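Peer 1: Can you read through this structure? Questions will come right after.
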Amino acid sequence: MEEQLTAQFQIGKQGLTEGVIESLNMVLATHRQVRISVLKSSDKRANLKEFALEVADKINWKCATRIIGFTIILTKLSRKSKT
């Protein structure tokens with residue numbers, strides 16, 4: 001299966017739920033990069049660096065994080081998951 005480049009997500013006031021984590025894990029199976037927009041309604045905008053690290057820690061893939069504005073960019077580092 002060919003890996004696509006980028007997928008997009010949005011996180012609002014519900015924050016990082018189990019459903020979001022599951023969706024990120026599924027998307028990273030077929031995409032190299034995920035862009036997560038943190039919406040104004042989210043309480044995570046104030047501590048975006050910490051939130052990005054929390055997201056990277058909870059997903060099953062080894063990823064690098066980068067922040068541009070209020071967007072977190074996860075880039076998959078390897079084809080194998082952490083588990």
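So you can find residues: chains in the structure tokens are A, B, ... in the order shown, residues in each start at 1, and ligands are numbered from 1 in order.
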Within 10 Å of A:Gln14, counting only C-alpha atoms, which residues show up once you throw out same-chain ones fewer than 6 positions away? Write them as a ChimeraX atom specification, please.
Peer 2: /A:20,41-43
Peer 1: Write the residues of the preceding selection, restricted to C-alpha atoms, as a PDB file, in the first residue's frame.
Peer 2:
ATOM      1  CA  VAL A  20      -9.193  11.086  18.345  1.00  0.00           C
ATOM      2  CA  SER A  41     -12.724  26.538  21.436  1.00  0.00           C
ATOM      3  CA  SER A  42      -9.967  24.261  22.758  1.00  0.00           C
ATOM      4  CA  ASP A  43      -8.429  24.954  26.151  1.00  0.00           C
TER       5      ASP A  43
END
Peer 1: Determine the nearest neighbour of A:Asn60 from the options A:Lys40, A:Lys76, A:His31, A:Lys13, counting only C-alpha atoms.
Peer 2: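 Of A:Lys40, A:Lys76, A:His31, A:Lys13, the one nearest A:Asn60 is A:Lys76, counting only C-alpha atoms.
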Peer 1: In Å, rounded to a single decimal, give me how far atom CA of A:Ala29 is from atom CA of A:Leu77.
Peer 2: 12.0 Å
Peer 1: Can you tell me, as a VMD selection string, what residues are no more than 7 Å from A:Ile36 when counting only C-alpha atoms, ignoring any on the same chain fewer than 3 positions away?
Peer 2: chain A and resid 8 to 11 71 to 73
Peer 1: Taking N, CA and C atoms for each residue, export the selection above as a PDB file, in the first residue's frame.
Peer 2:
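What follows is the written file out-v3.pdb:
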ATOM      1  N   GLN A   8      -5.420  15.785   7.728  1.00  0.00           N
ATOM      2  CA  GLN A   8      -5.738  16.934   8.567  1.00  0.00           C
ATOM      3  C   GLN A   8      -6.749  16.555   9.640  1.00  0.00           C
ATOM      4  N   PHE A   9      -6.546  17.076  10.850  1.00  0.00           N
ATOM      5  CA  PHE A   9      -7.443  16.883  11.979  1.00  0.00           C
ATOM      6  C   PHE A   9      -7.721  18.224  12.628  1.00  0.00           C
ATOM      7  N   GLN A  10      -8.813  18.278  13.401  1.00  0.00           N
ATOM      8  CA  GLN A  10      -9.114  19.456  14.198  1.00  0.00           C
ATOM      9  C   GLN A  10      -9.433  19.002  15.610  1.00  0.00           C
ATOM     10  N   ILE A  11      -8.927  19.740  16.593  1.00  0.00           N
ATOM     11  CA  ILE A  11      -9.227  19.447  17.989  1.00  0.00           C
ATOM     12  C   ILE A  11      -9.865  20.686  18.585  1.00  0.00           C
ATOM     13  N   THR A  71      -1.166  25.064  14.864  1.00  0.00           N
ATOM     14  CA  THR A  71      -1.209  23.772  14.185  1.00  0.00           C
ATOM     15  C   THR A  71      -0.048  22.911  14.652  1.00  0.00           C
ATOM     16  N   ILE A  72      -0.378  21.685  15.048  1.00  0.00           N
ATOM     17  CA  ILE A  72       0.634  20.701  15.429  1.00  0.00           C
ATOM     18  C   ILE A  72       0.856  19.801  14.223  1.00  0.00           C
ATOM     19  N   ILE A  73       2.105  19.614  13.853  1.00  0.00           N
ATOM     20  CA  ILE A  73       2.423  18.737  12.723  1.00  0.00           C
ATOM     21  C   ILE A  73       3.163  17.524  13.271  1.00  0.00           C
TER      22      ILE A  73
END
Peer 1: Running DSSP on the backbone, which parts of chain A land in alpha helix (DSSP H), as a list in words?
Peer 2: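 Reading the DSSP output for chain A, alpha helix (DSSP H) covers Glu18, Gly19, Val20, Ile21, Glu22, Ser23, Leu24, Asn25, Met26, Val27, Leu28, Leu48, Lys49, Glu50, Phe51, Ala52, Leu53, Glu54, Val55, Ala56, Asp57 and Lys58 of chain A.
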Peer 1: Store the residues picked out above in a file with N, CA and C atoms, as a compact mmCIF listing (two decimals), in the first residue's frame.
Peer 2:
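The new file again-v1.txt reads:
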# COMPACT_ATOMS: atom_id res chain seq x y z
N GLU A 18 -10.34 9.42 23.35
CA GLU A 18 -9.91 8.11 22.87
C GLU A 18 -10.21 7.96 21.38
N GLY A 19 -11.33 8.53 20.93
CA GLY A 19 -11.68 8.46 19.51
C GLY A 19 -10.68 9.18 18.63
N VAL A 20 -10.20 10.32 19.10
CA VAL A 20 -9.19 11.09 18.35
C VAL A 20 -7.89 10.30 18.28
N ILE A 21 -7.50 9.69 19.39
CA ILE A 21 -6.26 8.90 19.42
C ILE A 21 -6.36 7.72 18.46
N GLU A 22 -7.49 7.01 18.48
CA GLU A 22 -7.70 5.88 17.57
C GLU A 22 -7.64 6.34 16.12
N SER A 23 -8.28 7.46 15.83
CA SER A 23 -8.29 7.99 14.47
C SER A 23 -6.88 8.37 14.01
N LEU A 24 -6.11 9.00 14.89
CA LEU A 24 -4.73 9.36 14.56
C LEU A 24 -3.89 8.11 14.27
N ASN A 25 -4.07 7.07 15.08
CA ASN A 25 -3.33 5.82 14.85
C ASN A 25 -3.68 5.21 13.51
N MET A 26 -4.97 5.23 13.14
CA MET A 26 -5.38 4.67 11.85
C MET A 26 -4.84 5.49 10.69
N VAL A 27 -4.89 6.80 10.81
CA VAL A 27 -4.43 7.68 9.74
C VAL A 27 -2.92 7.56 9.55
N LEU A 28 -2.18 7.44 10.64
CA LEU A 28 -0.73 7.33 10.53
C LEU A 28 -0.29 6.01 9.92
N LEU A 48 0.51 24.77 23.97
CA LEU A 48 0.52 23.96 22.75
C LEU A 48 1.70 22.99 22.69
N LYS A 49 2.87 23.40 23.18
CA LYS A 49 4.03 22.50 23.17
C LYS A 49 3.77 21.26 24.02
N GLU A 50 3.25 21.48 25.22
CA GLU A 50 2.94 20.36 26.12
C GLU A 50 1.87 19.47 25.52
N PHE A 51 0.87 20.07 24.89
CA PHE A 51 -0.20 19.30 24.28
C PHE A 51 0.33 18.46 23.12
N ALA A 52 1.23 19.02 22.32
CA ALA A 52 1.83 18.28 21.20
C ALA A 52 2.59 17.07 21.70
N LEU A 53 3.34 17.23 22.78
CA LEU A 53 4.08 16.11 23.36
C LEU A 53 3.13 15.05 23.94
N GLU A 54 2.02 15.50 24.51
CA GLU A 54 1.01 14.58 25.04
C GLU A 54 0.40 13.74 23.91
N VAL A 55 0.09 14.40 22.79
CA VAL A 55 -0.45 13.69 21.63
C VAL A 55 0.55 12.65 21.14
N ALA A 56 1.80 13.06 20.97
CA ALA A 56 2.84 12.16 20.46
C ALA A 56 3.06 10.99 21.41
N ASP A 57 2.90 11.20 22.69
CA ASP A 57 3.09 10.15 23.68
C ASP A 57 1.95 9.13 23.65
N LYS A 58 0.73 9.58 23.37
CA LYS A 58 -0.44 8.70 23.44
C LYS A 58 -0.68 7.88 22.17
Peer 1: Can you work out the spacing between atom CA of A:Ala46 and atom CA of A:Ala64 in Å, to one decimal?
Peer 2: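 Atom CA of A:Ala46 sits 20.4 Å away from atom CA of A:Ala64.
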Peer 1: Which residues in stretch 4-44 of chain A does DSSP call strand (DSSP E)? List them as a list in words.
Peer 2: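 Written out, the strand (DSSP E) residues of stretch 4-44 of chain A are Gln4, Leu5, Thr6, Ala7, Gln8, Phe9, Gln10, Ile11, His31, Arg32, Gln33, Val34, Arg35, Ile36, Ser37 and Val38 of chain A.
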Peer 1: If you keep C-alpha atoms, can you produce a file of those selected residues as a PDB file, in the first residue's frame?
Peer 2:
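Below is the file part.pdb, written as the result:
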ATOM      1  CA  GLN A   4       0.015   9.278   1.329  1.00  0.00           C
ATOM      2  CA  LEU A   5       1.647  12.468   2.529  1.00  0.00           C
ATOM      3  CA  THR A   6      -0.625  14.581   4.743  1.00  0.00           C
ATOM      4  CA  ALA A   7      -3.904  14.209   6.636  1.00  0.00           C
ATOM      5  CA  GLN A   8      -5.738  16.934   8.567  1.00  0.00           C
ATOM      6  CA  PHE A   9      -7.443  16.883  11.979  1.00  0.00           C
ATOM      7  CA  GLN A  10      -9.114  19.456  14.198  1.00  0.00           C
ATOM      8  CA  ILE A  11      -9.227  19.447  17.989  1.00  0.00           C
ATOM      9  CA  HIS A  31      -0.061   8.815   5.980  1.00  0.00           C
ATOM     10  CA  ARG A  32       3.420  10.116   6.704  1.00  0.00           C
ATOM     11  CA  GLN A  33       2.281  13.412   8.219  1.00  0.00           C
ATOM     12  CA  VAL A  34      -0.755  14.673  10.149  1.00  0.00           C
ATOM     13  CA  ARG A  35      -1.653  18.324  10.669  1.00  0.00           C
ATOM     14  CA  ILE A  36      -3.747  18.951  13.786  1.00  0.00           C
ATOM     15  CA  SER A  37      -5.446  22.331  13.973  1.00  0.00           C
ATOM     16  CA  VAL A  38      -6.183  23.369  17.555  1.00  0.00           C
TER      17      VAL A  38
END
Peer 1: One number please: atom CA of A:Thr30 to atom CA of A:Lys44, in Å, one decimal.
Peer 2: 26.7 Å
